[in-house]
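Coordinates as given in entry.txt (compact mmCIF, C-alpha atoms and all ligand atoms):
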# COMPACT_ATOMS: atom_id res chain seq x y z
CA MET B 1 -106.90 -17.98 43.93
CA HIS B 2 -104.65 -16.24 46.14
CA ARG B 3 -105.15 -12.88 44.95
CA THR B 4 -108.53 -12.34 46.03
CA PRO B 5 -107.78 -11.48 49.43
CA THR B 6 -105.49 -8.86 48.67
CA ARG B 7 -107.88 -6.81 47.00
CA ARG B 8 -110.61 -7.21 49.29
CA SER B 9 -110.32 -4.23 51.30
CA PRO B 10 -109.31 -1.59 49.04
CA LEU B 11 -109.91 1.01 51.50
CA ARG B 12 -107.69 -0.20 54.13
CA PRO B 13 -104.05 0.25 54.24
CA HIS B 14 -102.14 -2.72 53.23
CA ARG B 15 -101.02 -3.57 56.52
CA ASN B 16 -104.24 -3.90 58.10
CA ARG B 17 -105.44 -6.05 55.42
CA LEU B 18 -102.55 -8.21 55.45
CA ILE B 19 -102.40 -8.43 58.99
CA ALA B 20 -105.86 -9.33 59.40
CA GLY B 21 -105.67 -11.81 56.70
CA CYS B 22 -102.58 -13.29 57.95
CA ILE B 23 -103.67 -13.45 61.37
CA ALA B 24 -106.82 -14.98 60.49
CA MET B 25 -105.13 -17.50 58.45
CA ALA B 26 -102.64 -18.07 60.99
CA ALA B 27 -105.24 -18.83 63.35
CA VAL B 28 -106.75 -21.18 61.05
CA LEU B 29 -103.86 -22.79 59.52
CA GLY B 30 -101.09 -21.06 60.95
CA LEU B 31 -99.54 -23.85 62.48
CA SER B 32 -98.71 -25.84 59.62
CA ALA B 33 -96.33 -24.08 57.55
CA CYS B 34 -93.61 -22.94 59.57
CA GLY B 35 -93.90 -25.52 62.05
CA THR B 36 -93.60 -28.05 59.54
CA ALA B 37 -91.01 -26.52 57.68
CA SER B 38 -88.85 -25.62 60.39
CA GLY B 39 -89.08 -28.84 61.88
CA ALA B 40 -87.48 -30.15 58.88
CA LEU B 41 -84.61 -27.95 58.95
CA GLN B 42 -83.97 -27.78 62.41
CA PRO B 43 -81.44 -30.15 63.34
CA THR B 44 -82.50 -30.75 66.68
CA ALA B 45 -85.66 -29.31 66.92
CA THR B 46 -87.71 -31.56 65.14
CA ALA B 47 -89.18 -33.31 67.86
CA THR B 48 -89.25 -30.41 69.99
CA THR B 49 -90.68 -27.91 67.84
CA PRO B 50 -94.03 -27.13 68.98
CA GLY B 51 -94.87 -25.83 65.68
CA ALA B 52 -94.70 -29.18 64.29
CA ALA B 53 -96.99 -30.43 66.79
CA ASN B 54 -99.53 -27.95 66.04
CA THR B 55 -99.52 -28.37 62.52
CA PRO B 56 -101.82 -31.12 62.49
CA GLY B 57 -104.32 -29.32 64.35
CA THR B 58 -105.31 -27.26 61.62
CA GLY B 59 -106.65 -29.40 59.15
CA ASN B 60 -107.16 -26.57 57.01
CA GLY B 61 -103.74 -25.51 56.97
CA THR B 62 -103.10 -27.84 54.48
CA GLY B 63 -104.97 -27.38 51.73
CA THR B 64 -105.41 -24.17 51.57
CA GLY B 65 -105.84 -22.41 54.14
CA ASN B 66 -106.83 -20.01 51.87
CA SER B 67 -109.97 -21.24 51.18
CA THR B 68 -110.99 -19.00 53.68
CA ALA B 69 -111.59 -15.57 53.36
CA ALA B 70 -108.24 -14.34 53.12
CA GLY B 71 -107.24 -16.79 50.73
CA THR B 72 -104.26 -15.20 49.89
CA ALA B 73 -102.19 -13.38 51.91
CA PRO B 74 -101.76 -15.32 54.84
CA ALA B 75 -99.87 -18.27 54.39
CA PRO B 76 -101.02 -20.96 56.34
CA GLY B 77 -98.20 -22.98 56.64
CA SER B 78 -95.35 -21.08 57.01
CA ASP B 79 -94.75 -18.30 58.88
CA ALA B 80 -96.88 -16.84 56.81
CA ALA B 81 -99.64 -17.67 58.55
CA GLN B 82 -99.83 -14.74 60.29
CA PRO B 83 -98.09 -11.84 59.99
CA ARG B 84 -99.14 -9.16 61.69
CA THR B 85 -100.29 -8.24 64.63
CA PRO B 86 -103.00 -7.87 66.68
CA THR B 87 -102.32 -4.43 66.73
CA ALA B 88 -103.85 -3.79 63.66
CA PRO B 89 -107.41 -3.48 63.72
CA ALA B 90 -108.63 -6.23 61.92
CA ASP B 91 -110.29 -6.04 58.82
CA PRO B 92 -113.66 -6.96 59.26
CA GLY B 93 -113.89 -8.23 55.91
CA ARG B 94 -111.31 -10.74 56.05
CA ALA B 95 -111.30 -11.50 59.51
CA THR B 96 -113.68 -14.00 58.98
CA ALA B 97 -111.98 -17.00 58.43
CA THR B 98 -110.82 -17.36 61.74
CA GLY B 99 -113.26 -15.96 63.66
CA LYS B 100 -110.87 -13.82 65.06
CA PRO B 101 -108.73 -11.99 62.93
CA VAL B 102 -106.66 -9.80 64.48
CA GLY B 103 -107.94 -9.17 67.51
CA THR B 104 -110.56 -7.07 66.71
CA THR B 105 -113.43 -7.84 64.89
CA PRO B 106 -115.49 -9.95 66.95
CA GLY B 107 -118.60 -10.10 65.13
CA THR B 108 -117.26 -10.62 61.82
CA THR B 109 -116.95 -14.13 61.78
CA THR B 110 -119.77 -14.52 59.65
CA SER B 111 -119.58 -16.29 56.60
CA THR B 112 -116.43 -17.87 56.95
CA PRO B 113 -116.72 -21.24 55.65
CA THR B 114 -113.73 -22.39 57.20
CA GLY B 115 -115.09 -23.61 60.21
CA THR B 116 -112.14 -22.44 61.69
CA PRO B 117 -111.51 -22.76 65.19
CA ALA B 118 -111.12 -19.75 67.13
CA ALA B 119 -108.29 -17.59 66.55
CA PRO B 120 -105.70 -17.11 69.11
CA PRO B 121 -106.70 -15.21 72.08
CA ALA B 122 -106.61 -11.59 71.71
CA HIS B 123 -103.80 -9.77 73.17
CA PRO B 124 -104.96 -6.79 74.87
CA GLY B 125 -101.78 -5.03 75.54
CA GLN B 126 -100.47 -2.31 73.46
CA ALA B 127 -99.00 -3.74 70.44
CA THR B 128 -96.28 -2.05 68.58
CA LYS B 129 -96.45 -1.63 64.92
CA VAL B 130 -95.70 -4.54 62.68
CA ILE B 131 -93.81 -3.51 59.62
CA GLY B 132 -95.17 -4.44 56.25
CA SER B 133 -93.43 -2.02 53.92
CA THR B 134 -89.99 -1.07 52.71
CA ALA B 135 -87.71 1.51 54.25
CA SER B 136 -87.66 3.78 51.23
CA GLY B 137 -91.09 3.39 49.76
CA GLY B 138 -91.52 4.24 46.13
CA ARG B 139 -90.97 1.50 43.62
CA THR B 140 -89.02 -0.69 45.98
CA VAL B 141 -89.53 -4.19 47.27
CA ALA B 142 -88.14 -6.01 50.29
CA LEU B 143 -87.46 -9.71 49.85
CA THR B 144 -87.56 -11.71 53.07
CA PHE B 145 -86.69 -15.37 53.56
CA ASP B 146 -87.72 -17.33 56.63
CA ASP B 147 -86.81 -20.49 58.47
CA GLY B 148 -83.20 -20.82 57.40
CA PRO B 149 -80.40 -20.93 57.12
CA GLY B 150 -80.65 -24.29 55.42
CA PRO B 151 -79.76 -26.25 52.32
CA ALA B 152 -81.41 -23.78 49.93
CA THR B 153 -79.87 -20.66 51.41
CA GLY B 154 -76.76 -20.83 49.27
CA GLN B 155 -78.76 -21.08 46.04
CA ILE B 156 -80.88 -18.15 47.07
CA LEU B 157 -77.80 -16.10 47.89
CA ASP B 158 -76.35 -16.96 44.49
CA LEU B 159 -79.49 -15.75 42.73
CA LEU B 160 -79.67 -12.58 44.77
CA ALA B 161 -76.05 -11.82 43.94
CA GLN B 162 -76.73 -12.33 40.28
CA TYR B 163 -79.34 -9.57 40.37
CA HIS B 164 -77.56 -7.41 42.90
CA ALA B 165 -80.57 -7.85 45.11
CA LYS B 166 -80.49 -7.47 48.87
CA ALA B 167 -82.79 -9.39 51.17
CA THR B 168 -83.58 -9.95 54.82
CA PHE B 169 -83.23 -13.40 56.34
CA CYS B 170 -85.45 -14.29 59.28
CA GLU B 171 -83.40 -17.05 60.81
CA ILE B 172 -84.30 -19.73 63.27
CA GLY B 173 -81.79 -19.61 66.10
CA GLN B 174 -80.88 -23.22 66.11
CA ASN B 175 -80.45 -23.26 62.36
CA ALA B 176 -78.13 -20.28 62.60
CA ALA B 177 -76.13 -22.05 65.28
CA ALA B 178 -75.86 -25.12 63.07
CA ASN B 179 -74.87 -23.16 59.97
CA PRO B 180 -72.71 -20.25 61.07
CA ALA B 181 -70.93 -20.07 57.73
CA LEU B 182 -74.22 -19.31 56.01
CA VAL B 183 -75.05 -16.61 58.51
CA LYS B 184 -71.67 -15.03 57.88
CA ARG B 185 -72.19 -15.27 54.14
CA VAL B 186 -75.58 -13.57 54.39
CA LEU B 187 -73.93 -10.67 56.18
CA ALA B 188 -70.87 -10.58 53.95
CA GLU B 189 -73.05 -10.23 50.89
CA GLY B 190 -74.89 -7.24 52.26
CA HIS B 191 -78.12 -8.84 53.40
CA ARG B 192 -79.69 -8.30 56.80
CA LEU B 193 -80.86 -10.49 59.59
CA CYS B 194 -84.08 -10.99 61.44
CA ASP B 195 -84.77 -13.07 64.55
CA HIS B 196 -87.30 -15.84 63.92
CA SER B 197 -87.07 -17.54 67.35
CA VAL B 198 -85.00 -20.48 68.50
CA HIS B 199 -87.36 -23.34 67.71
CA HIS B 200 -90.18 -21.79 65.75
CA PRO B 201 -92.93 -22.77 68.18
CA GLN B 202 -96.48 -22.14 67.14
CA PRO B 203 -98.85 -20.66 67.88
CA PHE B 204 -96.20 -18.23 68.96
CA GLU B 205 -98.67 -15.72 70.25
CA LYS B 206 -99.81 -18.18 72.86
CA LEU B 207 -96.45 -18.69 74.48
CA PRO B 208 -96.17 -17.74 78.11
CA HIS B 209 -94.12 -14.61 78.61
CA ASP B 210 -91.05 -16.41 79.89
CA LYS B 211 -90.97 -18.71 76.93
CA ALA B 212 -91.41 -15.89 74.50
CA VAL B 213 -88.51 -14.10 76.15
CA TYR B 214 -86.37 -17.18 75.77
CA GLU B 215 -87.34 -17.87 72.16
CA ILE B 216 -86.67 -14.33 71.09
CA SER B 217 -83.63 -13.44 73.16
CA ALA B 218 -81.82 -16.76 72.85
CA ALA B 219 -82.34 -16.77 69.09
CA HIS B 220 -80.94 -13.26 68.99
CA ASP B 221 -77.87 -14.44 70.83
CA MET B 222 -77.46 -17.52 68.66
CA ILE B 223 -77.69 -15.56 65.43
CA VAL B 224 -75.27 -12.93 66.69
CA LYS B 225 -72.85 -15.60 67.77
CA ALA B 226 -73.10 -17.30 64.38
CA GLY B 227 -72.68 -14.05 62.51
CA GLY B 228 -69.73 -12.94 64.54
CA PRO B 229 -68.82 -9.78 66.38
CA GLY B 230 -70.82 -6.76 65.42
CA THR B 231 -73.73 -8.72 64.03
CA ARG B 232 -76.86 -6.66 64.17
CA ILE B 233 -80.38 -7.97 63.98
CA GLY B 234 -82.84 -5.31 63.04
CA TRP B 235 -86.10 -7.20 63.09
CA PHE B 236 -88.05 -9.93 64.77
CA ARG B 237 -90.65 -11.95 62.88
CA ALA B 238 -92.90 -14.13 65.00
CA PRO B 239 -93.23 -17.69 63.71
CA GLY B 240 -96.44 -17.99 61.83
CA GLY B 241 -96.91 -14.28 62.18
CA GLY B 242 -97.96 -14.87 65.74
CA PHE B 243 -97.32 -11.40 66.99
CA ASN B 244 -98.84 -9.97 70.09
CA ALA B 245 -98.11 -7.06 72.33
CA ASP B 246 -95.93 -9.13 74.60
CA ASN B 247 -93.59 -10.55 71.99
CA GLU B 248 -93.43 -7.27 70.12
CA HIS B 249 -92.28 -5.56 73.28
CA ILE B 250 -89.76 -8.23 74.05
CA ALA B 251 -88.32 -7.77 70.57
CA ALA B 252 -88.33 -4.01 70.91
CA GLY B 253 -86.38 -4.36 74.14
CA LEU B 254 -83.67 -6.10 72.16
CA GLY B 255 -83.64 -3.36 69.56
CA MET B 256 -85.70 -5.20 66.99
CA ASP B 257 -88.75 -4.03 65.10
CA SER B 258 -91.53 -6.50 64.41
CA LEU B 259 -91.56 -7.50 60.77
CA GLY B 260 -94.65 -8.63 58.91
CA TRP B 261 -95.11 -8.78 55.17
CA SER B 262 -97.49 -7.67 52.47
CA VAL B 263 -97.15 -10.46 49.93
CA ASP B 264 -97.37 -14.12 50.80
CA PRO B 265 -97.08 -16.63 47.99
CA ARG B 266 -97.20 -19.48 50.46
CA ASP B 267 -94.11 -20.98 48.98
CA TRP B 268 -93.66 -23.11 52.07
CA SER B 269 -96.70 -25.11 51.00
CA ARG B 270 -95.12 -25.88 47.63
CA PRO B 271 -98.06 -24.75 45.54
CA GLY B 272 -96.02 -24.99 42.37
CA VAL B 273 -93.55 -22.55 40.90
CA ALA B 274 -96.12 -20.90 38.67
CA ALA B 275 -98.43 -20.27 41.60
CA ILE B 276 -95.68 -18.71 43.66
CA VAL B 277 -94.66 -16.46 40.81
CA SER B 278 -98.16 -15.41 39.88
CA THR B 279 -99.16 -14.68 43.44
CA VAL B 280 -96.23 -12.37 43.89
CA GLN B 281 -96.86 -10.72 40.57
CA SER B 282 -100.48 -10.10 41.34
CA GLN B 283 -100.12 -9.04 44.95
CA LEU B 284 -97.02 -6.93 44.95
CA LYS B 285 -97.37 -3.21 45.15
CA PRO B 286 -94.59 -0.67 45.41
CA GLY B 287 -93.08 -0.68 48.87
CA GLY B 288 -94.15 -4.26 49.50
CA VAL B 289 -92.51 -6.93 51.62
CA ILE B 290 -92.48 -10.40 50.10
CA LEU B 291 -92.46 -13.44 52.38
CA MET B 292 -90.63 -16.49 51.08
CA HIS B 293 -88.65 -19.28 52.68
CA ASP B 294 -85.08 -20.51 52.45
CA GLY B 295 -85.68 -23.16 55.10
CA GLY B 296 -88.32 -25.49 56.39
CA GLY B 297 -88.05 -28.35 53.98
CA ASP B 298 -87.64 -28.77 50.24
CA ARG B 299 -87.32 -25.26 48.88
CA SER B 300 -86.74 -26.10 45.25
CA GLN B 301 -89.97 -24.39 44.22
CA SER B 302 -89.01 -21.30 46.14
CA VAL B 303 -85.64 -21.20 44.42
CA ALA B 304 -87.15 -21.76 40.97
CA ALA B 305 -89.76 -19.08 41.59
CA LEU B 306 -87.14 -16.62 42.76
CA LYS B 307 -85.22 -17.27 39.58
CA GLN B 308 -88.23 -15.99 37.64
CA LEU B 309 -89.21 -13.26 40.04
CA LEU B 310 -85.89 -11.49 40.23
CA PRO B 311 -85.72 -10.62 36.52
CA TRP B 312 -89.41 -9.77 36.58
CA LEU B 313 -88.93 -7.36 39.47
CA VAL B 314 -86.06 -5.70 37.68
CA ALA B 315 -88.08 -5.46 34.47
CA GLN B 316 -90.92 -3.90 36.43
CA GLY B 317 -88.62 -1.19 37.63
CA TYR B 318 -88.36 -2.31 41.22
CA THR B 319 -85.24 -1.75 43.26
CA PHE B 320 -84.41 -3.88 46.25
CA ASP B 321 -84.70 -2.44 49.69
CA PHE B 322 -84.85 -3.54 53.29
CA PRO B 323 -87.99 -3.40 55.40
CA ALA B 324 -88.82 -0.23 57.22
CA ALA B 325 -87.60 0.06 60.75
ZN ZN B 401 -91.16 -19.38 59.93
So that I can check it, write out the structure of this file as structure tokens.
Amino acid sequence: MHRTPTRRSPLRPHRNRLIAGCIAMAAVLGLSACGTASGALQPTATATTPGAANTPGTGNGTGTGNSTAAGTAPAPGSDAAQPRTPTAPADPGRATATGKPVGTTPGTTTSTPTGTPAAPPAHPGQATKVIGSTASGGRTVALTFDDGPGPATGQILDLLAQYHAKATFCEIGQNAAANPALVKRVLAEGHRLCDHSVHHPQPFEKLPHDKAVYEISAAHDMIVKAGGPGTRIGWFRAPGGGFNADNEHIAAGLGMDSLGWSVDPRDWSRPGVAAIVSTVQSQLKPGGVILMHDGGGDRSQSVAALKQLLPWLVAQGYTFDFPAA
């Protein structure tokens, strides 16, 4: 079921598609995933996390957010929900679901069954680019894990080490502060870090400027402090993919590029190991960025899926890379 979306707009560059899809989804479901998830992990946050609060809103999120147009890509729940940015012109095709995909396509709402509420308000400003591909291109893949560090992070690191795979961890500031040893281990084993906000509030793209500054900059500081001197954070990934021109610029001011994704198996929603694996296998294209989660609740399916995906990626001739910057 998930795949559909991906292929929908063959003509468009991945990113746009994804973005649009994600965004749309995000709008629709967005809230659920990450919010939920993170809430779980976050020590403190739970109550606080806006994300959590939102979650409910989107009834759709649940099930499948996918039902919508995008079906696939965008993961409702988790961060996934929306990856990219408004920047991207939305794909008319997929935009649908939400009514407002990425910002652009107004009219497209059309057939979307979803009934979705309106998407987040459009952000007029100039958005920066949201990365959805690997640094080297070619037959490479970038694995990214969101919402940690948490209880599953160690198992994921063990698996990655077994396959000599490198990944990027989009960490929630307060989780990093609560698990500094895991942040240090991520760095020591050659992986890279990404700022995923302090509390994972959603819809992130609706935060007032001052709050966005706090969520992004304080998380940056917390992750750096947890990682130790010299810790560098190359990317920022908005919770739920809620990028907009404002938060992208805030991140850029801190030296971080905005990181989206091109493959979203919606592992945060625990669709089953087989579903996670098959979605990745069907959606991944060379140079892709896979969105998975090492935090946000029970990640046993994510870990089990990764255990199957790593050997598959190797067998397919993929080499592990970091996202473009
Ligand atoms: Zn997240």
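You can rank B:Gly272, B:Pro323, B:Pro149, B:Gly132 by their closest distance to B:Ala181 using only C-alpha atoms, and at the top of that list sits B:Pro149.
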- Message: Give me, as a list in words, all polymer residues having an atom no more than 6 Å from B:Ala219, counting only C-alpha atoms and skipping those fewer than 3 positions away in the same chain.
- Response: Gly173, Ser197, Val198, Glu215, Ile216 and Met222 of chain B
Keeping only C-alpha atoms, take the residues you just selected and write them out as an mmCIF file, in the frame of the given file.
data_model
loop_
_atom_site.group_PDB
_atom_site.id
_atom_site.type_symbol
_atom_site.label_atom_id
_atom_site.label_comp_id
_atom_site.auth_asym_id
_atom_site.auth_seq_id
_atom_site.Cartn_x
_atom_site.Cartn_y
_atom_site.Cartn_z
ATOM 1 C CA GLY B 173 -81.790 -19.610 66.100
ATOM 2 C CA SER B 197 -87.070 -17.540 67.350
ATOM 3 C CA VAL B 198 -85.000 -20.480 68.500
ATOM 4 C CA GLU B 215 -87.340 -17.870 72.160
ATOM 5 C CA ILE B 216 -86.670 -14.330 71.090
ATOM 6 C CA MET B 222 -77.460 -17.520 68.660
#
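Here the question is which of B:Arg192, B:Lys285, B:His249, B:His293 gets nearest to B:Arg270 using all atoms listed in the file, and that residue is B:His293.
Atom CA of B:Leu254 lies 27.3 Å from atom CA of B:Thr140.
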- Scan for residues within 9 Å of the point (-74.9, -14.1, 65.2) in the coordinates of the file, using all atoms listed in the file, and reply as an MDAnalysis selection string. chainID B and resid 173 176:177 180 183:184 193 219:233
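Nearest to ligand ZN 401 (chain B) of all the residues B:Ala252, B:Cys170, B:Leu143, B:Leu207 is B:Cys170, based on only C-alpha atoms and all ligand atoms.
In this structure, atom CA of B:Ala135 sits 22.3 Å away from atom CA of B:Leu159.
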- Sel. within 6 Å of pt (-91.6, -8.9, 60.0), counting only C-alpha atoms, output as a count of residues only: 6
- Query: Of the candidates B:Glu248, B:Asp147, B:Asp267, B:Asp257, which one gets nearest to B:Asn175 if we count only C-alpha atoms?
  - Reply: B:Asp147
- Query: When you draw a straight line from atom CA of B:Phe145 to atom CA of B:Ala218, how long is it in Å?
  - Reply: 19.9 Å
- Task: Go through B:Trp312, B:Tyr318, B:Phe204, B:Trp235 one by one, measure the shortest atom-to-atom distance of each to ligand ZN 401 (chain B) using all atoms listed in the file, and give the residue with the smallest value.
- Result: B:Phe204
